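**Student:** Got a structure for you, written out below as structure tokens; questions coming shortly.
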Amino acid sequence: MTITISVLDQSPIYEGETGAEALAHTVALAQKAEELGFKRFWVAEHHDSGQLAGSSPEVLISYLLAKTSRIRIGSGGIMLQHYSSYKVAENFHVLASLAPGRVDLGIGRAPGGLPRSTQALQQNVVNPLSLTDKLVELRRYLAVEPDEDGALAGLKATPIPPLAPELYLLGASSGSSELAASLGLPYVFSLFIGGDEQAAVEAVHQYRTSFNHGAGTKPHVILALSAIVAGTDQEAQSLIPPQRLVKVHLASGRTVTVSTLEQAEEFGRQAREPYTIEEKEPLITAGSKETVRDKLLALREATGVEEFIVTTSVAPFEQRLRSYELLSEAFAEVRA
């Protein structure tokens with residue numbers, strides 16, 4: 001059983017940098033990821049953020065496809081709750097027509113920002129569909145299976161690409177694994193957001209055992225994690241940024257993960273409902289090539305997952321590049 005490595009980049013804006021510089025780094029990293037032989041390069045969606053520049057994944061994906069030639073490019077992920085399933089399908093059909101066989105469409109369940117950005121994105125929306133209904137609708141458009149009845153009968157998301165984008169559901173909880181399994185979709189568990197390895201093992205197991213084969217698909221899981229690779233364990237540990245994993249638990253039952261305590265408090269204030277805040281140490285795999293390789297091999301053994309999508313958030317940018325170079329070397333040595 002082999003291991004496949006992919007890259008997730010959140011376009012971080014480091015101190016003293018601009019959003020334009022952050023996006024330029026994302027482009028350079030995508031080109032490096034292709035050069036190193038990684039399978040995919042995904043970009044994230046965050047709104048109203050001074051720390052992350054990727055607010056429009058579909059626009060960034062189009063540019064990255066033009067700046068690379070082989071690596072798969074995709075979203076990690078599009079926050080479907082804000083958008084029309086039809087328009088998302090159109091966007092990704094255009095992308096897949098421009099670069100057939102290279103486009104992934106990862107769907108996220110989180111808002112990707114504070115309540116005020118959600119309000120702005122969903123302004124004047126009346127009677128929105130549930131995320132489950134939107135996913136079913138989106139999958140139908142991607143499969144070119146138009147409704148036979150109703151006001152939208154016969155509607156297709158054009159242009160129809162030679163190869164449809166690959167659809168994935170992202171999440172960090174048992175709820176997301178249940179939803180992906182029930183719909184027969186590929187699933188990405190975000191370990192760096194959930195922060196609990198045992199929860200990841202259980203969610204992956206639950207996904208496989210409850211997977212709905214009715215759509216003619218097979219279970220497929222990717223594990224997303226945060227990793228830093230350096231020359232030594234000590235050096236890698238020294239590169240871990242001073243951050244916390246901060247979760248906001250709202251009285252309505254929702255839980256969202258943010259980057260700082262200040263963001264958590266602001267989220268609670270904007271949500272206008274009672275909330276509690278939970279702080280945890282971030283789950284980051286940091287070490288030498290050998291240490292990180294052994295950790296990923298152990299996770300493969302525990303979960304049966306054969307593909308990892310790795311996000312690395314360190315400064316300066318050259319150190320971020322070097323971390324991915326060392327990660328590539330670690331698994332090239334295994335294959336050799």
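Chain labels A, B, ... are given in the sequence in which chains occur in the structure tokens; within each chain residues are numbered consecutively from 1, and ligands are likewise numbered from 1 in the order shown.
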Within 10 Å of Ile78 in chain A, counting only C-alpha atoms, which residues show up once you throw out same-chain ones fewer than 2 positions away? Write them as a VMD selection string, please.
**Tutor:** chain A and resid 43 to 46 55 to 58 74 to 76 80 to 83 88 105 to 112 169 to 170
**Student:** Kindly provide the residues of range 30-118 of chain A that approach range 303-324 of chain A to within 9 Å, each paired with its closest atom pair and their distance in Å to one decimal, based on only C-alpha atoms, listed by chain and increasing number, as JSON lines.
**Tutor:**
{"residue": "A:Lys32", "atom": "CA", "partner": "A:Leu321", "partner_atom": "CA", "distance": 7.6}
{"residue": "A:Ala33", "atom": "CA", "partner": "A:Tyr324", "partner_atom": "CA", "distance": 7.7}
{"residue": "A:Leu36", "atom": "CA", "partner": "A:Tyr324", "partner_atom": "CA", "distance": 8.4}
{"residue": "A:Arg40", "atom": "CA", "partner": "A:Ile309", "partner_atom": "CA", "distance": 8.0}
{"residue": "A:Phe41", "atom": "CA", "partner": "A:Ile309", "partner_atom": "CA", "distance": 8.5}
{"residue": "A:Trp42", "atom": "CA", "partner": "A:Ile309", "partner_atom": "CA", "distance": 8.6}
**Student:** For Val144 in chain A, please output as a list in words all residues within 9 Å (counting only C-alpha atoms; exclusion window: fewer than 4 positions along the same chain).
**Tutor:**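 After dropping sequence-adjacent residues, the list is Arg139, Arg140, Lys156, Ala157 and Ile160 of chain A.
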**Student:** Keeping N, CA, C and O atoms, export the residues of the selection given above as a compact mmCIF listing (two decimals), in the first residue's frame.
**Tutor:**
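This went into part25.txt:
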# COMPACT_ATOMS: atom_id res chain seq x y z
N ARG A 139 -24.31 17.55 -7.53
CA ARG A 139 -23.84 16.29 -8.13
C ARG A 139 -24.63 15.98 -9.41
O ARG A 139 -24.08 15.50 -10.39
N ARG A 140 -25.93 16.29 -9.40
CA ARG A 140 -26.75 16.05 -10.59
C ARG A 140 -26.29 16.92 -11.76
O ARG A 140 -26.17 16.45 -12.89
N LYS A 156 -29.27 22.38 -17.87
CA LYS A 156 -27.92 21.83 -17.77
C LYS A 156 -26.93 22.95 -17.43
O LYS A 156 -27.11 24.09 -17.84
N ALA A 157 -25.88 22.59 -16.70
CA ALA A 157 -24.81 23.53 -16.39
C ALA A 157 -23.77 23.44 -17.50
O ALA A 157 -22.96 22.51 -17.53
N ILE A 160 -20.49 21.55 -21.14
CA ILE A 160 -20.27 20.20 -20.62
C ILE A 160 -18.82 19.82 -20.91
O ILE A 160 -18.43 19.72 -22.07
**Student:** Have a look at A:Pro274, A:Pro282, A:Gly287, A:Pro165 and name the one nearest to Gln237 in chain A; count only C-alpha atoms.
**Tutor:**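 Of the candidates, the smallest distance to Gln237 in chain A is held by A:Gly287.
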**Student:** Just the number, please: distance in Å from CA of Ile222 in chain A to CA of Phe189 in chain A, one decimal.
**Tutor:**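 Atom-to-atom, CA of Ile222 in chain A to CA of Phe189 in chain A, that is 6.5 Å.
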**Student:** Nearest to Ala227 in chain A among A:Arg293, A:Glu329, A:Ala172, A:Glu145, with distances taken over only C-alpha atoms: which residue is it?
**Tutor:**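 Closest to Ala227 in chain A of all the choices is A:Arg293.
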**Student:** For a test of reading the model, state the distance in Å between CA of Gly171 in chain A and CA of Tyr14 in chain A, rounded to one decimal.
**Tutor:**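 CA of Tyr14 in chain A lies at a distance of 26.0 Å from CA of Gly171 in chain A.
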**Student:** Could you please determine the separation between CA of Pro186 in chain A and CA of Lys289 in chain A in Å, to one decimal place?
**Tutor:**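 Atom-to-atom, CA of Pro186 in chain A and CA of Lys289 in chain A are spaced 28.8 Å apart.
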**Student:** Write out as a Markdown table a residue-level contact list of range 65-135 of chain A versus range 20-29 of chain A with cut-off 12 Å: for each qualifying residue the closest pair of atoms and the distance in Å to one decimal, counting only C-alpha atoms, rows sorted by chain and residue number upward.
**Tutor:**
| residue | atom | partner | partner_atom | distance |
| --- | --- | --- | --- | --- |
| A:Leu65 | CA | A:Val27 | CA | 9.8 |
| A:Ala66 | CA | A:Val27 | CA | 10.2 |
| A:Lys67 | CA | A:Val27 | CA | 7.4 |
| A:Thr68 | CA | A:Val27 | CA | 8.9 |
| A:Ile71 | CA | A:Leu29 | CA | 11.9 |
| A:Ile73 | CA | A:Val27 | CA | 11.3 |
**Student:** Write the residues of the preceding selection, restricted to all heavy atoms, as a PDB file, in the first residue's frame.
**Tutor:**
ATOM      1  N   LEU A  65      -4.376  26.832 -12.905  1.00  0.00           N
ATOM      2  CA  LEU A  65      -4.415  25.898 -14.038  1.00  0.00           C
ATOM      3  C   LEU A  65      -3.591  26.437 -15.201  1.00  0.00           C
ATOM      4  O   LEU A  65      -2.898  25.682 -15.893  1.00  0.00           O
ATOM      5  CB  LEU A  65      -5.861  25.660 -14.484  1.00  0.00           C
ATOM      6  CG  LEU A  65      -6.723  24.795 -13.560  1.00  0.00           C
ATOM      7  CD1 LEU A  65      -8.191  24.896 -13.959  1.00  0.00           C
ATOM      8  CD2 LEU A  65      -6.268  23.339 -13.577  1.00  0.00           C
ATOM      9  N   ALA A  66      -3.667  27.753 -15.423  1.00  0.00           N
ATOM     10  CA  ALA A  66      -2.920  28.366 -16.524  1.00  0.00           C
ATOM     11  C   ALA A  66      -1.424  28.409 -16.246  1.00  0.00           C
ATOM     12  O   ALA A  66      -0.617  28.447 -17.186  1.00  0.00           O
ATOM     13  CB  ALA A  66      -3.446  29.774 -16.783  1.00  0.00           C
ATOM     14  N   LYS A  67      -1.038  28.403 -14.965  1.00  0.00           N
ATOM     15  CA  LYS A  67       0.365  28.506 -14.583  1.00  0.00           C
ATOM     16  C   LYS A  67       1.021  27.148 -14.345  1.00  0.00           C
ATOM     17  O   LYS A  67       2.207  27.072 -13.996  1.00  0.00           O
ATOM     18  CB  LYS A  67       0.498  29.370 -13.327  1.00  0.00           C
ATOM     19  CG  LYS A  67       0.154  30.840 -13.536  1.00  0.00           C
ATOM     20  CD  LYS A  67       1.170  31.505 -14.462  1.00  0.00           C
ATOM     21  CE  LYS A  67       0.898  32.993 -14.620  1.00  0.00           C
ATOM     22  NZ  LYS A  67       1.928  33.651 -15.468  1.00  0.00           N
ATOM     23  N   THR A  68       0.246  26.056 -14.474  1.00  0.00           N
ATOM     24  CA  THR A  68       0.771  24.696 -14.330  1.00  0.00           C
ATOM     25  C   THR A  68       0.314  23.887 -15.537  1.00  0.00           C
ATOM     26  O   THR A  68      -0.478  24.364 -16.357  1.00  0.00           O
ATOM     27  CB  THR A  68       0.266  24.044 -13.027  1.00  0.00           C
ATOM     28  OG1 THR A  68      -1.173  24.070 -13.016  1.00  0.00           O
ATOM     29  CG2 THR A  68       0.796  24.766 -11.800  1.00  0.00           C
ATOM     30  N   ILE A  71      -0.452  18.926 -12.727  1.00  0.00           N
ATOM     31  CA  ILE A  71      -1.003  18.671 -11.403  1.00  0.00           C
ATOM     32  C   ILE A  71      -2.501  18.996 -11.368  1.00  0.00           C
ATOM     33  O   ILE A  71      -2.965  19.931 -12.027  1.00  0.00           O
ATOM     34  CB  ILE A  71      -0.239  19.490 -10.337  1.00  0.00           C
ATOM     35  CG1 ILE A  71      -0.586  19.022  -8.929  1.00  0.00           C
ATOM     36  CG2 ILE A  71      -0.472  20.986 -10.516  1.00  0.00           C
ATOM     37  CD1 ILE A  71       0.328  19.619  -7.853  1.00  0.00           C
ATOM     38  N   ILE A  73      -5.748  20.621  -9.854  1.00  0.00           N
ATOM     39  CA  ILE A  73      -5.973  21.852  -9.092  1.00  0.00           C
ATOM     40  C   ILE A  73      -7.424  21.855  -8.613  1.00  0.00           C
ATOM     41  O   ILE A  73      -8.334  21.507  -9.370  1.00  0.00           O
ATOM     42  CB  ILE A  73      -5.720  23.109  -9.954  1.00  0.00           C
ATOM     43  CG1 ILE A  73      -4.315  23.076 -10.583  1.00  0.00           C
ATOM     44  CG2 ILE A  73      -5.922  24.366  -9.135  1.00  0.00           C
ATOM     45  CD1 ILE A  73      -3.174  23.261  -9.609  1.00  0.00           C
TER      46      ILE A  73
END
**Student:** Determine which residues of range 39-183 of chain A DSSP labels as alpha helix (DSSP H) from the backbone of this structure, then write them out as a PyMOL selection string.
**Tutor:** chain A and resi 57-67+85-98+115-121+131-142+174-183
